[in-house]
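Colleague: The structure is given below, and queries will be raised subsequently.
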Amino acid sequence: MKEEYRKLPLRSGVGIIVLNNENKVFVAKRIDNPKNFWQMPQGGINKNEDFYSAALRELKEETSIVSVKLIKEIESNFTYILPDHLIGIIWKGKFKGQKQKWFVMRFIGNETEINIKTNKPEFLDWKWIDLEDLTKIAVNFKLEVYKQIKFELKKILY
């Protein structure tokens, strides 16, 4: 990492692991990185917002999903650092990465509720994947976080 980036803080964020009835994981393909990388819904926390409220808001903003039931809040926070070429571009250059609180949720609605064509769309496409495939679809700088999530999910599901 470039020396000038080291002092930048981490952005506080949330991530949402949405599982369907078959325990498949919801992932979506980002508009700004349309290669074959997929991610789970995630985002920042607004001022005076708690983690869980932020998770529900982000999920709705990105996917239109509101029909969920909380399964578990993962105790650990997970952190990722952006690659140098993205620091200074993402989040207006204010952060070097993100420290996230993750929530596991069960989707209890009808799939017609899922709509990624939101007011400010972030995704091109979405799908359900097997837990085992979670680390095959992640962008490199989020791979470690996705490995940790996979480990945590296995403790919950199996």
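Going by the structure tokens order, chains are called A, B, ..., each with residues numbered from 1, while ligands are numbered from 1 in the order shown.
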Run DSSP on the backbone and give me the residues of segment 14-150 of chain A it puts in strand (DSSP E), as a VMD selection string.

Modeller: chain A and resid 14 to 19 25 to 30 42 to 44 68 to 81 97 to 107 123 to 129

Colleague: Those residues you just picked out, can you put them in a file as a short mmCIF file (atom, residue, chain, number, x, y, z; two decimals), in the first residue's frame with N, CA and C atoms?

Modeller:
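Below is the file again17.cif, written as the result:
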```
data_model
loop_
_atom_site.label_atom_id
_atom_site.label_comp_id
_atom_site.auth_asym_id
_atom_site.auth_seq_id
_atom_site.Cartn_x
_atom_site.Cartn_y
_atom_site.Cartn_z
N VAL A 14 -21.82 -2.40 6.82
CA VAL A 14 -22.57 -3.62 7.12
C VAL A 14 -22.62 -4.48 5.87
N GLY A 15 -22.82 -5.78 6.09
CA GLY A 15 -23.03 -6.71 5.00
C GLY A 15 -24.19 -7.62 5.36
N ILE A 16 -24.88 -8.07 4.32
CA ILE A 16 -26.06 -8.90 4.55
C ILE A 16 -25.93 -10.19 3.76
N ILE A 17 -26.01 -11.30 4.49
CA ILE A 17 -26.01 -12.62 3.88
C ILE A 17 -27.48 -13.04 3.84
N VAL A 18 -28.05 -13.06 2.64
CA VAL A 18 -29.46 -13.43 2.50
C VAL A 18 -29.52 -14.88 2.00
N LEU A 19 -30.21 -15.71 2.76
CA LEU A 19 -30.36 -17.12 2.41
C LEU A 19 -31.80 -17.40 2.00
N VAL A 25 -27.19 -18.63 -1.24
CA VAL A 25 -26.81 -17.27 -0.87
C VAL A 25 -27.12 -16.30 -2.01
N PHE A 26 -27.74 -15.18 -1.68
CA PHE A 26 -28.03 -14.13 -2.66
C PHE A 26 -26.75 -13.37 -2.99
N VAL A 27 -26.43 -13.27 -4.28
CA VAL A 27 -25.31 -12.45 -4.74
C VAL A 27 -25.74 -11.65 -5.96
N ALA A 28 -25.07 -10.54 -6.17
CA ALA A 28 -25.39 -9.69 -7.32
C ALA A 28 -24.10 -9.19 -7.96
N LYS A 29 -24.20 -8.88 -9.25
CA LYS A 29 -23.05 -8.39 -10.02
C LYS A 29 -23.09 -6.87 -10.07
N ARG A 30 -22.00 -6.23 -9.67
CA ARG A 30 -21.94 -4.77 -9.61
C ARG A 30 -21.93 -4.13 -11.00
N GLN A 42 -24.22 -4.89 0.67
CA GLN A 42 -23.43 -4.28 1.74
C GLN A 42 -23.43 -2.77 1.55
N GLY A 43 -23.03 -2.06 2.60
CA GLY A 43 -22.97 -0.61 2.46
C GLY A 43 -22.57 0.08 3.74
N GLY A 44 -22.57 1.38 3.70
CA GLY A 44 -22.13 2.19 4.82
C GLY A 44 -23.24 2.46 5.83
N VAL A 68 -37.45 -10.30 5.27
CA VAL A 68 -36.36 -11.10 5.83
C VAL A 68 -36.57 -11.30 7.32
N LYS A 69 -35.98 -12.36 7.82
CA LYS A 69 -35.99 -12.66 9.24
C LYS A 69 -34.54 -12.82 9.66
N LEU A 70 -34.14 -12.15 10.73
CA LEU A 70 -32.76 -12.23 11.20
C LEU A 70 -32.48 -13.63 11.75
N ILE A 71 -31.43 -14.26 11.26
CA ILE A 71 -30.98 -15.54 11.78
C ILE A 71 -29.90 -15.31 12.83
N LYS A 72 -28.92 -14.47 12.48
CA LYS A 72 -27.81 -14.26 13.41
C LYS A 72 -27.01 -13.02 13.00
N GLU A 73 -26.52 -12.31 14.00
CA GLU A 73 -25.54 -11.25 13.79
C GLU A 73 -24.19 -11.90 14.04
N ILE A 74 -23.30 -11.85 13.07
CA ILE A 74 -21.97 -12.45 13.24
C ILE A 74 -21.18 -11.58 14.20
N GLU A 75 -20.62 -12.21 15.22
CA GLU A 75 -19.95 -11.45 16.29
C GLU A 75 -18.74 -10.66 15.80
N SER A 76 -17.90 -11.29 15.01
CA SER A 76 -16.67 -10.63 14.54
C SER A 76 -16.99 -9.56 13.51
N ASN A 77 -16.14 -8.55 13.46
CA ASN A 77 -16.16 -7.61 12.35
C ASN A 77 -15.15 -8.09 11.33
N PHE A 78 -15.44 -7.88 10.06
CA PHE A 78 -14.51 -8.27 9.00
C PHE A 78 -14.03 -7.02 8.28
N THR A 79 -12.77 -7.04 7.90
CA THR A 79 -12.15 -5.87 7.29
C THR A 79 -11.54 -6.22 5.95
N TYR A 80 -11.68 -5.31 5.00
CA TYR A 80 -10.92 -5.44 3.76
C TYR A 80 -10.31 -4.09 3.40
N ILE A 81 -9.17 -4.17 2.74
CA ILE A 81 -8.44 -2.99 2.27
C ILE A 81 -8.55 -2.96 0.74
N GLY A 97 -10.41 1.30 3.14
CA GLY A 97 -11.12 0.02 3.12
C GLY A 97 -12.33 0.10 4.02
N GLN A 98 -12.83 -1.06 4.39
CA GLN A 98 -14.06 -1.09 5.16
C GLN A 98 -13.98 -2.12 6.28
N LYS A 99 -14.53 -1.74 7.43
CA LYS A 99 -14.70 -2.65 8.56
C LYS A 99 -16.19 -2.90 8.66
N GLN A 100 -16.58 -4.18 8.54
CA GLN A 100 -17.99 -4.50 8.39
C GLN A 100 -18.55 -5.40 9.49
N LYS A 101 -19.80 -5.14 9.83
CA LYS A 101 -20.60 -6.00 10.70
C LYS A 101 -21.57 -6.73 9.76
N TRP A 102 -21.59 -8.08 9.85
CA TRP A 102 -22.41 -8.88 8.94
C TRP A 102 -23.59 -9.51 9.66
N PHE A 103 -24.70 -9.62 8.92
CA PHE A 103 -25.94 -10.21 9.42
C PHE A 103 -26.38 -11.33 8.48
N VAL A 104 -26.78 -12.44 9.07
CA VAL A 104 -27.32 -13.56 8.29
C VAL A 104 -28.84 -13.46 8.38
N MET A 105 -29.50 -13.42 7.22
CA MET A 105 -30.95 -13.27 7.19
C MET A 105 -31.58 -14.31 6.27
N ARG A 106 -32.79 -14.70 6.62
CA ARG A 106 -33.57 -15.63 5.80
C ARG A 106 -34.55 -14.82 4.98
N PHE A 107 -34.54 -15.02 3.66
CA PHE A 107 -35.51 -14.38 2.78
C PHE A 107 -36.83 -15.13 2.91
N PHE A 123 -26.44 -2.84 -9.11
CA PHE A 123 -26.24 -4.18 -9.65
C PHE A 123 -26.84 -4.35 -11.04
N LEU A 124 -26.20 -5.23 -11.83
CA LEU A 124 -26.66 -5.58 -13.18
C LEU A 124 -27.53 -6.84 -13.17
N ASP A 125 -27.22 -7.75 -12.26
CA ASP A 125 -27.86 -9.06 -12.26
C ASP A 125 -27.76 -9.64 -10.86
N TRP A 126 -28.58 -10.65 -10.57
CA TRP A 126 -28.52 -11.32 -9.27
C TRP A 126 -28.82 -12.80 -9.46
N LYS A 127 -28.43 -13.60 -8.46
CA LYS A 127 -28.70 -15.04 -8.49
C LYS A 127 -28.50 -15.63 -7.09
N TRP A 128 -28.94 -16.86 -6.92
CA TRP A 128 -28.69 -17.63 -5.70
C TRP A 128 -27.57 -18.60 -6.00
N ILE A 129 -26.61 -18.71 -5.07
CA ILE A 129 -25.50 -19.65 -5.28
C ILE A 129 -25.33 -20.55 -4.05
#
```

Colleague: Just list as an MDAnalysis selection string whatever in chain A DSSP marks as helix (DSSP H, G or I).

Modeller: chainID A and resid 3:6 51:63 91:93 111:113 131:136 140:157

Colleague: Check the smallest atom-to-atom distance from each of A:Leu143, A:Ile149, A:Leu86, A:Leu8 to Trp38 of chain A using only C-alpha atoms, then report the winner.

Modeller: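 Ranking A:Leu143, A:Ile149, A:Leu86, A:Leu8 by distance to Trp38 of chain A, first place goes to A:Leu143.
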
Colleague: Which residues are close to Ser64 of chain A, i.e. within 9 Å by only C-alpha atoms, leaving aside same-chain residues fewer than 3 positions away? Reply as an mmCIF file with N, CA and C atoms, in the first residue's frame.

Modeller:
```cif
data_model
loop_
_atom_site.group_PDB
_atom_site.id
_atom_site.type_symbol
_atom_site.label_atom_id
_atom_site.label_comp_id
_atom_site.auth_asym_id
_atom_site.auth_seq_id
_atom_site.Cartn_x
_atom_site.Cartn_y
_atom_site.Cartn_z
ATOM 1 N N LEU A 59 -30.081 -3.271 2.334
ATOM 2 C CA LEU A 59 -30.701 -4.385 1.618
ATOM 3 C C LEU A 59 -31.862 -3.884 0.759
ATOM 4 N N LYS A 60 -32.695 -3.041 1.341
ATOM 5 C CA LYS A 60 -33.838 -2.494 0.598
ATOM 6 C C LYS A 60 -33.373 -1.585 -0.537
ATOM 7 N N GLU A 61 -32.389 -0.709 -0.254
ATOM 8 C CA GLU A 61 -31.906 0.224 -1.284
ATOM 9 C C GLU A 61 -31.299 -0.504 -2.475
ATOM 10 N N GLU A 113 -40.387 -9.899 -5.276
ATOM 11 C CA GLU A 113 -40.018 -8.737 -4.455
ATOM 12 C C GLU A 113 -38.620 -8.229 -4.814
ATOM 13 N N ILE A 114 -37.753 -9.120 -5.277
ATOM 14 C CA ILE A 114 -36.368 -8.755 -5.572
ATOM 15 C C ILE A 114 -36.329 -7.912 -6.843
ATOM 16 N N ASN A 115 -35.812 -6.696 -6.700
ATOM 17 C CA ASN A 115 -35.727 -5.782 -7.836
ATOM 18 C C ASN A 115 -34.456 -4.948 -7.689
ATOM 19 N N ILE A 116 -33.482 -5.207 -8.548
ATOM 20 C CA ILE A 116 -32.214 -4.469 -8.484
ATOM 21 C C ILE A 116 -32.248 -3.187 -9.316
ATOM 22 N N LYS A 117 -33.329 -2.963 -10.040
ATOM 23 C CA LYS A 117 -33.475 -1.723 -10.821
ATOM 24 C C LYS A 117 -34.079 -0.660 -9.901
ATOM 25 N N THR A 118 -33.263 -0.227 -8.949
ATOM 26 C CA THR A 118 -33.687 0.722 -7.917
ATOM 27 C C THR A 118 -33.434 2.158 -8.363
#
```

Colleague: I'd like the neighbourhood of Arg6 of chain A as a PyMOL selection string, where a residue qualifies if any of its atoms comes within 12 Å (using only C-alpha atoms), though same-chain residues fewer than 5 positions away should be ignored.

Modeller: chain A and resi 1+81-84+87+94-97

Colleague: Can you work out the spacing between atom CA of Leu134 of chain A and atom CA of Lys154 of chain A in Å, to one decimal?

Modeller: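 Computing the Euclidean distance for atom CA of Leu134 of chain A and atom CA of Lys154 of chain A yields 11.8 Å.
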
Colleague: Rounded to one decimal in Å, what is the spacing between atom CA of Ile156 of chain A and atom CA of Arg57 of chain A?

Modeller: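 We find that atom CA of Ile156 of chain A and atom CA of Arg57 of chain A lie 23.9 Å from each other.
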
Colleague: For a test of reading the model, state the distance in Å between atom CA of Asp133 of chain A and atom CA of Val145 of chain A, rounded to one decimal.

Modeller: 13.9 Å

Colleague: With only C-alpha atoms as the basis for distance, which of A:Glu3, A:Met40, A:Asn46, A:Arg11 is at the shortest distance from Trp91 of chain A?

Modeller: A:Arg11

Colleague: Considering only C-alpha atoms, can you say which of A:Asn33, A:Asn110, A:Asn119, A:Asn23 comes closest to Val139 of chain A?

Modeller: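 For Val139 of chain A, the nearest of the given residues is A:Asn33.
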
Colleague: Using only C-alpha atoms, which residue out of A:Asp130, A:Thr63, A:Asn140, A:Gly13 lies closest to Lys47 of chain A?

Modeller: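 Comparing A:Asp130, A:Thr63, A:Asn140, A:Gly13 against Lys47 of chain A, the winner is A:Gly13.
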